[in-house]
Amino acid sequence: MSINPFTPSFGSSPALLAGRDMIIRNIVGGLQNGHGDPNRVVIFSGPRGSGKTVLLSEIANKADQFGWITANVTTMDGMLDDILDQVKENGRKLLSGKGRSHITGVNAAGFGFTRTVDAEEKVGWRTQMTRLIKELNENNIGLLITVDEANVAVSELRVLVATFQHFVREKRDVALLMAGLPGKISTILNDDVISFLRRAFQYKLGLVDFAEVRLAMKKTIEISERDIEKKALDLAVEKTGGFPFLIQLIGYHIWNQSPNRKRISFKDVEDGVELAKLDMYSMIMETTVKGLSKTDRKFLLAMAEDDGESVMSDIAKRLGVTQNYASQYRLRLIEQGVIESVDVGAVAFSLPMLKDFLLERYA
Ligand SMILES: Nc1ncnc2c1ncn2[C@@H]1O[C@H](COP(=O)(O)OP(=O)(O)O)[C@@H](O)[C@H]1O
Ligand SMILES: [Mg+2]
């Protein structure tokens with residue numbers, strides 16, 4: 001019996017990252033290209049479970065591999081110090097560890113101006129960072145900062161962005177990757193103090209193509225020395241709806257149905273999907289729906305009456321409100337990442353299983 005290769009927990013990098021090749025290629029290309037490349041200031045937005053955190057990790061790993069240093073933080077008080085510490089720590093390792101004998105003027109022990117704590121406290125964050133980045137850049141080493149759970153309410157995030165803007169202007173080899181929930185990102189983009197970010201490249205992490213999901217699930221199963229019936233795989237893929245977290249949840253549960261048999265059967269998938277659904281409800285849906293207002297929920301329930309997409313004028317009628325009023329809720333829900341506009345005047349759920357969840361729990 002081999003170990004279950006699926007990783008259904010937040011922030012756990014999957015064995016195979018489905019459908020994100022192009023984004024990774026663009027950003028890694030941007031890092032390898034010179035300063036000024038638009039893929040050096042990037043924002044990921046997507047609902048819980050869309051794979052923001054693991055994508056940040058994946059790109060940070062790639063950056064490490066070609067010799068950049070990275071500082072990876074979650075948005076909260078203390079993040080600036082954390083970045084500084086990571087830059088010093090990782091920079092020191094890189095400058096000393098690789099035996100870069102051609103480097104002159106850099107004494108690994110001296111990197112980061114850590115001679116005395118006293119001297120350090122007298123200079124501000126920007127000055128310290130500038131010195132470190134200069135030193136790294138002089139050795140052809142760039143710096144990537146990744147920021148997860150971006151939230152403009154945390155003042156240190158504003159300081160980071162405002163300062164980063166100077167690094168860009170000074171043409172330093174730096175990059176900033178930020179990730180957050182759609183609503184949080186749109187608040188950030190509307191903030192005048194850090195309007196610089198409006199020029200950032202934005203990637204909306206949406207659903208992954210079924211073909212990519214299929215490949216990832218199949219390979220994940222095969223590298224762990226089992227296989228899956230074709231029809232069973234078709235069903236599993238369809239049930240993910242392309243939602244990244246569901247790839248792991250469904251994979252995990254279908255694997256566990258008969259871990260001692262080599263082949264995963266159709267029945268395993270049917271049973272596994274039911275368990276995955278319960279986890280999806282408690283890990284994603286409950287938190288997501290709790291964050292919505294009563295009217296938001298009524299809007300979603302009005303949508304749930306339709307089979308496919310919903311026409312806005314129908315929604316307004318069902319809610320007994322004007323179209324204008326309904327469209328304000330439409331915008332709010334798009335910002336929360338739970339629905340999306342599909343046609344002119346039409347919307348659809350953007351999270352698989354959300355409709356079932358609402359009908360089962362709230363109808
Ligand atoms: N592209 C992907 N392919 C397969 N699994 C993924 C992918 N992206 C994320 N996952 C899985 O989905 C779950 C949630 O990912 P995470 O990055 O924590 O989401 P977020 O930060 O957006 O809430 C994890 O179990 C992770 O392994
Ligand atoms: Mg996350």
# chains A, B, ... in the order shown; residues from 1 in each chain; ligands from 1
$ residues_around --residues "Gln202 in chain A" --least-positions-apart "4" --cutoff "8 Å" --atoms "only C-alpha atoms" --output "ChimeraX atom specification"
/A:42-45
$ residues_around --residues "Lys219 in chain A" --least-positions-apart "2" --cutoff "12 Å" --atoms "only C-alpha atoms" --output "MDAnalysis selection string"
chainID A and resid 5:6 14:18 212:217 221:228 233 251
$ write_last_selection --atoms "N, CA and C atoms" --output "PDB file, in the first residue's frame"
ATOM      1  N   PRO A   5      -1.073  10.276  -2.282  1.00  0.00           N
ATOM      2  CA  PRO A   5      -0.264  11.388  -2.798  1.00  0.00           C
ATOM      3  C   PRO A   5      -1.004  12.726  -2.878  1.00  0.00           C
ATOM      4  N   PHE A   6      -2.294  12.726  -2.552  1.00  0.00           N
ATOM      5  CA  PHE A   6      -3.039  13.985  -2.661  1.00  0.00           C
ATOM      6  C   PHE A   6      -2.908  14.797  -1.366  1.00  0.00           C
ATOM      7  N   PRO A  14       0.815  20.750  -4.104  1.00  0.00           N
ATOM      8  CA  PRO A  14       0.369  19.474  -4.667  1.00  0.00           C
ATOM      9  C   PRO A  14       1.506  18.764  -5.392  1.00  0.00           C
ATOM     10  N   ALA A  15       1.375  17.454  -5.541  1.00  0.00           N
ATOM     11  CA  ALA A  15       2.371  16.689  -6.290  1.00  0.00           C
ATOM     12  C   ALA A  15       2.481  17.243  -7.708  1.00  0.00           C
ATOM     13  N   LEU A  16       1.348  17.581  -8.298  1.00  0.00           N
ATOM     14  CA  LEU A  16       1.355  18.207  -9.620  1.00  0.00           C
ATOM     15  C   LEU A  16       0.452  19.420  -9.610  1.00  0.00           C
ATOM     16  N   LEU A  17       1.003  20.527 -10.021  1.00  0.00           N
ATOM     17  CA  LEU A  17       0.260  21.782 -10.036  1.00  0.00           C
ATOM     18  C   LEU A  17      -0.423  21.892 -11.398  1.00  0.00           C
ATOM     19  N   ALA A  18      -1.747  21.796 -11.390  1.00  0.00           N
ATOM     20  CA  ALA A  18      -2.461  21.746 -12.670  1.00  0.00           C
ATOM     21  C   ALA A  18      -2.761  23.135 -13.223  1.00  0.00           C
ATOM     22  N   GLU A 212      -6.341  19.623 -18.172  1.00  0.00           N
ATOM     23  CA  GLU A 212      -5.203  19.771 -17.250  1.00  0.00           C
ATOM     24  C   GLU A 212      -5.473  19.043 -15.936  1.00  0.00           C
ATOM     25  N   VAL A 213      -6.709  19.113 -15.479  1.00  0.00           N
ATOM     26  CA  VAL A 213      -7.082  18.438 -14.233  1.00  0.00           C
ATOM     27  C   VAL A 213      -6.881  16.938 -14.403  1.00  0.00           C
ATOM     28  N   ARG A 214      -7.330  16.444 -15.555  1.00  0.00           N
ATOM     29  CA  ARG A 214      -7.263  15.029 -15.873  1.00  0.00           C
ATOM     30  C   ARG A 214      -5.819  14.542 -15.807  1.00  0.00           C
ATOM     31  N   LEU A 215      -4.964  15.298 -16.488  1.00  0.00           N
ATOM     32  CA  LEU A 215      -3.550  14.939 -16.549  1.00  0.00           C
ATOM     33  C   LEU A 215      -2.936  14.914 -15.144  1.00  0.00           C
ATOM     34  N   ALA A 216      -3.254  15.948 -14.372  1.00  0.00           N
ATOM     35  CA  ALA A 216      -2.663  16.057 -13.032  1.00  0.00           C
ATOM     36  C   ALA A 216      -3.143  14.918 -12.127  1.00  0.00           C
ATOM     37  N   MET A 217      -4.443  14.608 -12.199  1.00  0.00           N
ATOM     38  CA  MET A 217      -4.966  13.550 -11.323  1.00  0.00           C
ATOM     39  C   MET A 217      -4.386  12.192 -11.717  1.00  0.00           C
ATOM     40  N   ILE A 221      -1.792   9.868  -9.443  1.00  0.00           N
ATOM     41  CA  ILE A 221      -2.110   8.484  -9.075  1.00  0.00           C
ATOM     42  C   ILE A 221      -1.003   7.536  -9.555  1.00  0.00           C
ATOM     43  N   GLU A 222      -0.550   7.770 -10.779  1.00  0.00           N
ATOM     44  CA  GLU A 222       0.430   6.844 -11.368  1.00  0.00           C
ATOM     45  C   GLU A 222       1.810   6.929 -10.736  1.00  0.00           C
ATOM     46  N   ILE A 223       2.235   8.131 -10.360  1.00  0.00           N
ATOM     47  CA  ILE A 223       3.564   8.188  -9.733  1.00  0.00           C
ATOM     48  C   ILE A 223       3.551   7.507  -8.365  1.00  0.00           C
ATOM     49  N   SER A 224       2.353   7.291  -7.835  1.00  0.00           N
ATOM     50  CA  SER A 224       2.282   6.552  -6.581  1.00  0.00           C
ATOM     51  C   SER A 224       1.879   5.101  -6.817  1.00  0.00           C
ATOM     52  N   GLU A 225       2.093   4.674  -8.033  1.00  0.00           N
ATOM     53  CA  GLU A 225       1.981   3.259  -8.405  1.00  0.00           C
ATOM     54  C   GLU A 225       0.602   2.643  -8.289  1.00  0.00           C
ATOM     55  N   ARG A 226      -0.419   3.473  -8.567  1.00  0.00           N
ATOM     56  CA  ARG A 226      -1.740   2.887  -8.733  1.00  0.00           C
ATOM     57  C   ARG A 226      -2.272   3.382 -10.070  1.00  0.00           C
ATOM     58  N   ASP A 227      -3.455   2.936 -10.466  1.00  0.00           N
ATOM     59  CA  ASP A 227      -4.077   3.531 -11.640  1.00  0.00           C
ATOM     60  C   ASP A 227      -5.573   3.654 -11.432  1.00  0.00           C
ATOM     61  N   ILE A 228      -6.258   4.147 -12.460  1.00  0.00           N
ATOM     62  CA  ILE A 228      -7.677   4.440 -12.313  1.00  0.00           C
ATOM     63  C   ILE A 228      -8.388   4.125 -13.616  1.00  0.00           C
ATOM     64  N   LEU A 233     -12.029   8.037 -13.881  1.00  0.00           N
ATOM     65  CA  LEU A 233     -11.257   9.283 -13.978  1.00  0.00           C
ATOM     66  C   LEU A 233     -12.125  10.399 -14.570  1.00  0.00           C
ATOM     67  N   GLY A 251      -9.292  13.639  -5.112  1.00  0.00           N
ATOM     68  CA  GLY A 251      -8.207  12.672  -5.288  1.00  0.00           C
ATOM     69  C   GLY A 251      -7.938  11.910  -4.003  1.00  0.00           C
TER      70      GLY A 251
END
$ select_by_dssp --residues "range 75-260 of chain A" --states "helix (DSSP H, G or I)" --output "count of residues only"
108
$ atom_distance --atom1 "CA of Gln248 in chain A" --atom2 "atom 7 (C, counted along the ligand's line) of ligand 1"
7.8 Å
$ closest_residue --among "A:Pro182, A:Gly142, A:Gly49, A:Gly242" --to "Gly30 in chain A" --atoms "only C-alpha atoms"
A:Gly142
$ residues_near_ligand --ligand "ligand 1" --cutoff "7 Å" --atoms "only C-alpha atoms and all ligand atoms" --output "list in words"
Thr7, Pro8, Ser9, Phe10, Gly11, Ser12, Ser13, Pro14, Leu16, Leu17, Ala18, Gly19, Arg20, Gly46, Pro47, Arg48, Gly49, Ser50, Gly51, Lys52, Thr53, Val54, Leu55, Pro244, Phe245, Leu246, Ile247 and Gln248 of chain A
$ closest_residue --among "A:Gln65, A:Arg172, A:Asn151, A:Gly180" --to "ligand 2" --atoms "only C-alpha atoms and all ligand atoms"
A:Gly180
$ closest_residue --among "A:Ile284, A:Ala236, A:Ala200, A:Val193" --to "ligand 2" --atoms "only C-alpha atoms and all ligand atoms"
A:Ile284
$ closest_residue --among "A:Leu205, A:Val152, A:Ile69, A:Met22" --to "ligand 2" --atoms "only C-alpha atoms and all ligand atoms"
A:Leu205
$ residues_around --residues "range 359-361 of chain A" --least-positions-apart "3" --cutoff "9 Å" --atoms "only C-alpha atoms" --output "VMD selection string"
chain A and resid 301 304 354 to 356
$ residues_around --residues "Val289 in chain A" --least-positions-apart "4" --cutoff "12 Å" --atoms "only C-alpha atoms" --output "JSON, numbers by chain"
{"A": [47, 48, 281, 282, 283, 284, 285, 293, 294, 295, 296, 297, 298, 300, 301, 333, 336, 337, 338, 351, 354, 355, 357, 358, 361, 362]}
$ atom_distance --atom1 "CA of Glu309 in chain A" --atom2 "CA of Ser327 in chain A"
15.3 Å
$ atom_distance --atom1 "CA of His166 in chain A" --atom2 "CA of Asn137 in chain A"
15.2 Å
$ closest_residue --among "A:Leu143, A:Glu138, A:Arg158, A:Ala150" --to "ligand 2" --atoms "only C-alpha atoms and all ligand atoms"
A:Ala150
$ residues_around --residues "Thr146 in chain A" --least-positions-apart "3" --cutoff "7 Å" --atoms "only C-alpha atoms" --output "JSON, numbers by chain"
{"A": [56, 71, 72, 73, 176, 177, 178]}
$ write_last_selection --atoms "C-alpha atoms" --output "CSV table (one decimal), in the first residue's frame"
chain,number,residue,atom,x,y,z
A,56,LEU,CA,3.4,31.8,-4.6
A,71,ALA,CA,11.4,36.7,1.2
A,72,ASN,CA,8.0,35.2,1.7
A,73,VAL,CA,5.5,36.7,4.1
A,176,LEU,CA,6.9,41.7,-5.9
A,177,LEU,CA,4.2,39.0,-6.0
A,178,MET,CA,1.0,39.5,-4.0
$ residues_around --residues "Lys267 in chain A" --least-positions-apart "5" --cutoff "10 Å" --atoms "only C-alpha atoms" --output "JSON, numbers by chain"
{"A": [232, 254, 257, 272, 273]}
$ select_by_dssp --residues "range 25-262 of chain A" --states "strand (DSSP E or B)" --output "CSV table (one decimal) with N, CA and C atoms, in the first residue's frame"
chain,number,residue,atom,x,y,z
A,41,VAL,N,5.9,42.9,-11.1
A,41,VAL,CA,4.9,43.3,-10.1
A,41,VAL,C,3.6,42.7,-10.4
A,42,VAL,N,3.2,41.7,-9.7
A,42,VAL,CA,2.1,40.8,-10.1
A,42,VAL,C,1.2,40.6,-8.9
A,43,ILE,N,-0.1,40.6,-9.2
A,43,ILE,CA,-1.1,40.3,-8.2
A,43,ILE,C,-1.9,39.0,-8.6
A,44,PHE,N,-2.1,38.1,-7.7
A,44,PHE,CA,-3.0,37.0,-7.9
A,44,PHE,C,-4.2,37.2,-7.1
A,45,SER,N,-5.4,37.0,-7.8
A,45,SER,CA,-6.6,37.1,-6.9
A,45,SER,C,-7.4,35.8,-7.2
A,69,ILE,N,17.2,35.6,-4.5
A,69,ILE,CA,16.8,35.3,-3.1
A,69,ILE,C,15.3,35.7,-3.0
A,70,THR,N,14.6,35.0,-2.1
A,70,THR,CA,13.2,35.4,-1.9
A,70,THR,C,12.9,35.6,-0.4
A,71,ALA,N,12.0,36.5,-0.2
A,71,ALA,CA,11.4,36.7,1.2
A,71,ALA,C,9.9,36.5,1.1
A,72,ASN,N,9.4,35.6,1.8
A,72,ASN,CA,8.0,35.2,1.7
A,72,ASN,C,7.2,35.4,3.0
A,73,VAL,N,6.3,36.3,2.9
A,73,VAL,CA,5.5,36.7,4.1
A,73,VAL,C,4.0,36.7,3.9
A,74,THR,N,3.3,36.6,5.0
A,74,THR,CA,1.9,36.7,5.1
A,74,THR,C,1.6,38.1,5.6
A,143,LEU,N,16.0,40.1,-6.0
A,143,LEU,CA,15.2,39.8,-4.8
A,143,LEU,C,13.7,39.7,-5.2
A,144,LEU,N,13.1,38.6,-4.8
A,144,LEU,CA,11.7,38.4,-5.0
A,144,LEU,C,11.0,38.5,-3.6
A,145,ILE,N,10.0,39.4,-3.5
A,145,ILE,CA,9.2,39.4,-2.2
A,145,ILE,C,7.8,38.8,-2.6
A,146,THR,N,7.4,37.8,-1.8
A,146,THR,CA,6.0,37.3,-2.0
A,146,THR,C,5.2,37.7,-0.8
A,147,VAL,N,4.0,38.1,-1.0
A,147,VAL,CA,3.1,38.6,0.0
A,147,VAL,C,1.8,37.9,-0.1
A,148,ASP,N,1.4,37.1,0.9
A,148,ASP,CA,0.2,36.3,0.8
A,148,ASP,C,-0.9,37.0,1.7
A,174,VAL,N,14.4,43.7,-8.6
A,174,VAL,CA,13.4,43.3,-7.6
A,174,VAL,C,12.1,42.9,-8.2
A,175,ALA,N,11.4,42.1,-7.5
A,175,ALA,CA,10.0,41.7,-8.0
A,175,ALA,C,9.1,41.5,-6.8
A,176,LEU,N,7.8,41.8,-7.0
A,176,LEU,CA,6.9,41.7,-5.9
A,176,LEU,C,5.7,40.9,-6.4
A,177,LEU,N,5.4,39.8,-5.7
A,177,LEU,CA,4.2,39.0,-6.0
A,177,LEU,C,3.2,39.1,-4.8
A,178,MET,N,2.0,39.5,-5.1
A,178,MET,CA,1.0,39.5,-4.0
A,178,MET,C,-0.2,38.6,-4.4
A,179,ALA,N,-0.8,38.1,-3.3
A,179,ALA,CA,-2.0,37.2,-3.5
A,179,ALA,C,-3.0,37.6,-2.5
A,180,GLY,N,-4.3,37.5,-2.9
A,180,GLY,CA,-5.4,37.8,-2.0
A,180,GLY,C,-6.7,37.4,-2.5
A,201,PHE,N,0.5,43.5,-13.1
A,201,PHE,CA,-0.2,42.5,-13.8
A,201,PHE,C,-1.1,41.7,-12.9
A,202,GLN,N,-2.3,41.5,-13.3
A,202,GLN,CA,-3.2,40.8,-12.4
A,202,GLN,C,-3.6,39.5,-13.0
A,203,TYR,N,-3.4,38.4,-12.3
A,203,TYR,CA,-3.9,37.1,-12.8
A,203,TYR,C,-5.0,36.7,-11.9
A,204,LYS,N,-6.2,36.4,-12.5
A,204,LYS,CA,-7.3,35.9,-11.7
A,204,LYS,C,-7.2,34.4,-11.7
A,227,ASP,N,-3.5,2.9,-10.5
A,227,ASP,CA,-4.1,3.5,-11.6
A,227,ASP,C,-5.6,3.7,-11.4
A,228,ILE,N,-6.3,4.1,-12.5
A,228,ILE,CA,-7.7,4.4,-12.3
A,228,ILE,C,-8.4,4.1,-13.6
